[in-house]
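Raw contents of query.txt, compact mmCIF, C-alpha atoms:
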# COMPACT_ATOMS: atom_id res chain seq x y z
CA GLY A 291 105.44 101.21 189.75
CA THR A 292 105.05 100.20 186.10
CA PHE A 293 106.24 97.09 184.28
CA LEU A 294 109.37 97.55 182.18
CA LYS A 295 111.56 95.21 180.15
CA THR A 296 115.08 96.44 179.42
CA ARG A 297 118.52 95.09 178.56
CA VAL A 298 121.84 95.20 180.35
CA ASP A 299 124.22 98.02 179.49
CA GLN A 300 126.41 100.61 181.22
CA ILE A 301 124.36 103.74 180.47
CA ILE A 302 120.57 103.52 180.14
CA THR A 303 119.57 100.71 182.52
CA PRO A 304 121.68 101.98 185.48
CA ASN A 305 120.14 105.45 185.00
CA ILE A 306 116.61 104.01 184.92
CA PHE A 307 117.28 102.18 188.20
CA LYS A 308 118.80 105.31 189.75
CA ASN A 309 116.25 107.93 188.60
CA GLY A 310 113.11 105.95 187.81
CA SER A 311 112.94 107.72 184.44
CA TRP A 312 114.86 108.34 181.21
CA ASP A 313 115.33 111.69 179.45
CA TYR A 314 112.46 113.06 181.53
CA PHE A 315 113.21 116.61 180.34
CA ILE A 316 111.50 115.61 177.08
CA ILE A 317 108.33 114.60 178.92
CA ASP A 318 108.44 117.82 180.95
CA PHE A 319 108.81 119.92 177.79
CA ILE A 320 105.84 118.17 176.14
CA ILE A 321 103.66 118.64 179.23
CA ARG A 322 104.49 122.35 179.41
CA ASN A 323 103.95 123.04 175.72
CA THR A 324 100.81 121.10 174.80
CA LYS A 325 97.25 122.34 175.23
CA ASN A 326 94.47 120.25 176.70
CA ASN A 327 91.95 121.30 174.04
CA ILE A 328 94.13 120.10 171.12
CA ASN A 329 94.72 116.50 170.01
CA TYR A 330 98.32 115.67 169.12
CA SER A 331 100.19 112.89 167.35
CA PHE A 332 103.61 111.85 168.65
CA ILE A 333 106.31 110.65 166.25
CA ASP A 334 109.24 108.95 167.99
CA ILE A 335 112.16 108.52 165.58
CA GLY A 336 114.66 106.31 167.38
CA ALA A 337 112.10 104.99 169.87
CA ASN A 338 114.58 102.52 171.37
CA ILE A 339 112.71 100.31 173.88
CA GLY A 340 109.72 102.66 174.10
CA LEU A 341 110.76 104.66 177.16
CA ILE A 342 109.64 108.10 175.95
CA THR A 343 106.26 106.91 174.66
CA LYS A 344 105.72 104.89 177.86
CA GLN A 345 106.45 107.90 180.08
CA ILE A 346 104.09 110.13 178.06
CA ILE A 347 101.27 107.61 178.44
CA GLU A 348 101.98 107.12 182.15
CA LYS A 349 101.73 110.88 182.64
CA ASN A 350 98.15 110.60 181.32
CA LYS A 351 98.65 113.02 178.43
CA SER A 352 95.32 111.97 176.96
CA ASN A 353 95.45 114.77 174.39
CA ILE A 354 98.22 112.80 172.63
CA ASN A 355 96.06 110.21 170.95
CA LYS A 356 98.36 108.73 168.27
CA PHE A 357 101.87 107.33 168.63
CA TYR A 358 104.27 106.39 165.83
CA CYS A 359 107.33 104.53 167.15
CA VAL A 360 110.28 103.89 164.81
CA GLU A 361 113.04 101.49 165.93
CA PRO A 362 115.11 99.33 163.55
CA GLU A 363 117.26 97.15 165.81
CA GLU A 364 115.95 93.63 166.51
CA GLU A 365 116.17 93.38 170.31
CA ASN A 366 115.27 97.02 170.97
CA TYR A 367 112.19 96.61 168.77
CA TYR A 368 111.16 93.45 170.64
CA LEU A 369 111.47 95.25 173.99
CA LEU A 370 109.60 98.26 172.57
CA CYS A 371 106.67 95.97 171.71
CA GLN A 372 106.81 94.33 175.14
CA ASN A 373 106.91 97.64 177.00
CA LEU A 374 103.93 99.06 175.10
CA ILE A 375 101.78 95.91 174.89
CA GLN A 376 99.83 96.86 178.02
CA TYR A 377 98.50 100.03 176.33
CA LYS A 378 96.17 98.21 173.95
CA LYS A 379 93.58 100.98 174.10
CA LYS A 380 96.11 103.53 172.86
CA ASN A 381 96.59 104.13 169.15
CA ILE A 382 100.23 103.00 168.89
CA LYS A 383 101.86 102.07 165.60
CA LYS A 384 105.31 100.47 165.60
CA TYR A 385 107.78 100.34 162.70
CA LYS A 386 110.87 98.11 162.57
CA ILE A 387 112.79 100.41 160.25
CA ALA A 388 115.31 103.25 160.24
CA VAL A 389 114.58 106.50 158.43
CA THR A 390 117.17 108.03 156.11
CA ASN A 391 117.61 110.96 153.74
CA LYS A 392 118.23 108.53 150.87
CA LYS A 393 116.27 105.93 148.94
CA SER A 394 114.75 103.06 150.88
CA SER A 395 117.13 100.10 151.08
CA LYS A 396 118.89 97.68 153.43
CA LYS A 397 121.83 99.02 155.44
CA LYS A 398 124.11 98.18 158.34
CA ILE A 399 123.29 99.51 161.79
CA TYR A 400 126.30 99.53 164.13
CA ILE A 401 125.80 98.23 167.67
CA ASN A 402 127.30 99.60 170.89
CA GLU A 403 127.03 96.72 173.38
CA ASN A 404 127.78 99.08 176.29
CA ASN A 405 124.99 101.52 175.42
CA PHE A 406 121.86 100.32 173.61
CA GLY A 407 120.94 103.94 172.92
CA ASP A 408 124.07 104.34 170.80
CA PHE A 409 123.15 102.32 167.70
CA SER A 410 123.81 104.17 164.46
CA LEU A 411 123.76 103.92 160.68
CA THR A 412 126.97 105.96 160.81
CA ARG A 413 130.12 103.91 161.27
CA LYS A 414 132.05 104.93 164.38
CA SER A 415 135.60 103.84 165.12
CA TYR A 416 134.63 102.07 168.35
CA LEU A 417 131.73 100.12 166.82
CA GLU A 418 132.41 96.80 165.06
CA LYS A 419 129.24 94.72 165.54
CA PHE A 420 126.36 95.41 163.15
CA GLU A 421 122.98 94.16 161.94
CA ILE A 422 121.32 94.49 158.53
CA ILE A 423 118.11 96.54 158.74
CA ASN A 424 115.49 98.07 156.48
CA THR A 425 115.66 101.82 155.87
CA VAL A 426 112.95 104.10 154.49
CA ASN A 427 113.25 107.65 153.18
CA ILE A 428 111.87 110.01 155.83
CA ASN A 429 109.43 111.79 153.50
CA GLU A 430 108.21 108.49 152.13
CA PHE A 431 107.68 107.21 155.67
CA LEU A 432 105.77 110.29 156.83
CA LYS A 433 103.55 110.40 153.75
CA ASN A 434 102.73 106.68 153.85
CA SER A 435 102.33 106.28 157.61
CA LEU A 436 100.48 109.44 158.57
CA ASN A 437 97.27 110.86 157.22
CA LEU A 438 98.83 114.21 156.41
CA ASN A 439 95.50 115.71 155.39
CA LYS A 440 94.27 115.27 158.96
CA GLU A 441 97.47 115.43 161.00
CA LYS A 442 97.87 119.07 162.01
CA ASN A 443 99.40 118.90 165.49
CA ILE A 444 102.48 116.73 165.41
CA ILE A 445 105.07 116.31 168.15
CA TYR A 446 108.25 115.18 166.38
CA LYS A 447 111.07 113.68 168.45
CA SER A 448 114.28 112.38 166.92
CA ASP A 449 117.30 110.73 168.55
CA ILE A 450 119.22 108.69 165.97
CA GLN A 451 122.86 109.23 166.82
CA GLY A 452 124.28 111.77 164.42
CA LEU A 453 121.67 111.70 161.65
CA ASP A 454 119.00 113.84 163.35
CA GLU A 455 120.04 117.09 161.67
CA ILE A 456 120.41 115.47 158.24
CA ILE A 457 116.97 113.87 158.47
CA LEU A 458 115.36 117.10 159.72
CA LEU A 459 116.70 119.14 156.81
CA THR A 460 115.42 116.46 154.41
CA ILE A 461 111.79 116.69 155.56
CA ASN A 462 109.49 118.61 153.21
CA ASN A 463 108.52 121.98 154.63
CA GLU A 464 104.80 121.27 154.13
CA ILE A 465 105.20 118.49 156.67
CA ILE A 466 107.31 120.56 159.07
CA LYS A 467 104.50 123.15 159.12
CA LYS A 468 102.43 120.53 160.93
CA PHE A 469 105.01 120.15 163.72
CA LYS A 470 103.81 121.89 166.88
CA LEU A 471 106.77 120.61 168.90
CA LEU A 472 110.15 119.60 167.52
CA ILE A 473 112.66 117.75 169.72
CA ILE A 474 116.00 116.59 168.33
CA GLU A 475 119.44 115.70 169.59
CA ILE A 476 122.13 117.99 168.19
CA SER A 477 125.24 115.85 167.76
CA ASN A 478 126.35 116.83 164.24
CA PRO A 479 126.93 120.59 164.61
CA LYS A 480 129.40 120.69 161.71
CA PHE A 481 126.68 119.64 159.29
CA LEU A 482 124.22 122.08 160.85
CA SER A 483 126.62 125.02 160.72
CA LYS A 484 127.36 124.30 157.04
CA ASN A 485 123.62 124.22 156.31
CA TYR A 486 122.55 126.89 158.78
CA LYS A 487 120.49 128.96 156.32
CA LYS A 488 118.28 125.97 155.58
CA PHE A 489 118.02 125.16 159.29
CA GLU A 490 117.21 128.80 160.04
CA LYS A 491 114.13 128.62 157.79
CA ILE A 492 112.83 125.81 160.01
CA LEU A 493 113.81 127.68 163.16
CA GLU A 494 111.88 130.79 162.09
CA GLN A 495 108.64 128.80 162.16
CA PHE A 496 108.86 128.30 165.94
CA ASN A 497 108.47 131.01 168.54
CA TYR A 498 109.99 129.25 171.56
CA ILE A 499 113.44 127.63 171.84
CA GLU A 500 114.77 125.55 174.70
CA CYS A 501 117.99 123.58 175.06
CA TYR A 502 118.76 120.89 177.55
CA PRO A 503 120.31 121.39 180.02
CA ASP A 504 120.48 125.19 179.52
CA GLY A 505 116.77 126.07 179.35
CA LYS A 506 115.21 128.84 177.27
CA ILE A 507 117.58 130.34 174.71
CA SER A 508 117.52 133.02 172.00
CA LYS A 509 118.08 132.29 168.30
CA ALA A 510 121.33 134.25 168.41
CA LEU A 511 122.70 132.22 171.32
CA LEU A 512 121.51 128.99 169.70
CA LYS A 513 123.45 129.85 166.54
CA LYS A 514 126.55 130.53 168.61
CA LYS A 515 126.07 127.26 170.46
CA ILE A 516 125.86 125.33 167.20
CA TYR A 517 128.91 127.05 165.69
CA ASN A 518 130.83 126.22 168.87
CA GLU A 519 130.12 122.57 167.99
CA GLY A 520 128.37 121.65 171.19
CA LYS A 521 126.24 118.55 171.73
CA PHE A 522 122.83 119.13 173.30
CA ASP A 523 119.10 118.51 172.97
CA LEU A 524 117.08 121.15 171.09
CA MET A 525 113.37 121.63 171.75
CA LEU A 526 111.15 123.97 169.72
CA SER A 527 107.53 124.95 170.16
CA ARG A 528 105.07 127.08 168.21
CA ASN A 529 101.73 128.54 169.26
Serialized structure, structure tokens:
Amino acid sequence: GTFLKTRVDQIITPNIFKNGSWDYFIIDFIIRNTKNNINYSFIDIGANIGLITKQIIEKNKSNINKFYCVEPEEENYYLLCQNLIQYKKKNIKKYKIAVTNKKSSKKKIYINENNFGDFSLTRKSYLEKFEIINTVNINEFLKNSLNLNKEKNIIYKSDIQGLDEIILLTINNEIIKKFKLLIIEISNPKFLSKNYKKFEKILEQFNYIECYPDGKISKALLKKKIYNEGKFDLMLSRN
């Protein structure tokens, strides 16, 4: 029953029409793992057209009082702004950039016209169309955009088509310590398995692990899942 602007594709829009939601398992995980007496900030890396932030707000999660939405592609960013414009009383900041593990610069983002959730800085064989966008180093972005002296309860969500693991392992550990919930798409398991010791140091900071669609999982089974080169969504929570 809410207003939504979207674009035509073969993946996201048909699923929205069919289910009335998108990636709702993320919203469910956030609801189950946040506390009403704590104020949170939500960082949405790869915010697309604002669907995750919109669903969080519509679920009246009033204890999430700051939103940081990062989306570099021109039309997605426009639709993001349109879909969130009605929430003027919410503290929503929008950034038309992509985050990287390198120095800030201009780069190509490759466009999948059949799936507007499959835009990537990584060249894929089936993607030819591209746009030139601004990129910002992830640590530079987090330090300049957030008040890290005050931000203590961060929900970090990342879905950026193959770069999620690289970006995560680039983030300074002092910032990761402020993450209460960590939600990323695992789609580059080769990189993660090669850098598993570094990833394991992040993993050890969280006491609850969940994968979608499998549910709760142990660290041992998660390691096996990664080394088997599976693609899935990883969700971590700490008390």
For Glu455 (chain A): contacts at 7 Å, only C-alpha atoms, fewer than 4 positions along chain excluded, given as a PyMOL selection string: chain A and resi 459+476+478+482
The centre and edge lengths of an axis-aligned box containing all atoms of region 512-518 of chain A present in the file, extended by 6 Å on each side, are to be given in Å to one decimal, as JSON.
{"center_x": 126.2, "center_y": 127.9, "center_z": 168.1, "size_x": 21.3, "size_y": 17.2, "size_z": 16.8}
Give me the residues near region 430-443 of chain A as a ChimeraX atom specification, where near means some atom within 12 Å (using all atoms listed in the file) and where sequence neighbours in that chain fewer than 4 positions away do not count. /A:323-325,327-335,353-360,382-394,425-426,457,460-462,464-472,527-529
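The spacing separating CA of Ile444 (chain A) from CA of Asp523 (chain A) amounts to 18.3 Å.
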Using only C-alpha atoms for the distances, tell me which of A:Lys414, A:Lys491, A:Arg297, A:Lys349 is nearest to Gln451 (chain A). A:Lys414
Taking all atoms listed in the file into account, produce a table as JSON lines in which each residue of region 438-484 of chain A with an atom at most 9 Å from an atom of region 399-413 of chain A appears once, together with its shortest atom pair and the distance in Å to one decimal, ordered by chain and rising number.
{"residue": "A:Asp449", "atom": "CA", "partner": "A:Gly407", "partner_atom": "CA", "distance": 8.9}
{"residue": "A:Ile450", "atom": "CA", "partner": "A:Ser410", "partner_atom": "CA", "distance": 6.6}
{"residue": "A:Gln451", "atom": "CA", "partner": "A:Ser410", "partner_atom": "CA", "distance": 5.7}
{"residue": "A:Gly452", "atom": "CA", "partner": "A:Thr412", "partner_atom": "CA", "distance": 7.4}
{"residue": "A:Leu453", "atom": "CA", "partner": "A:Thr412", "partner_atom": "CA", "distance": 7.9}
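CA of Thr343 (chain A) lies 14.9 Å from CA of Tyr368 (chain A).
Here CA of Ser415 (chain A) and CA of Glu519 (chain A) stand 19.7 Å from one another.
Each of A:Leu526, A:Cys371, A:Ile445, A:Ile346 was checked against Glu494 (chain A) using only C-alpha atoms; the smallest atom-to-atom distance is that of A:Leu526.
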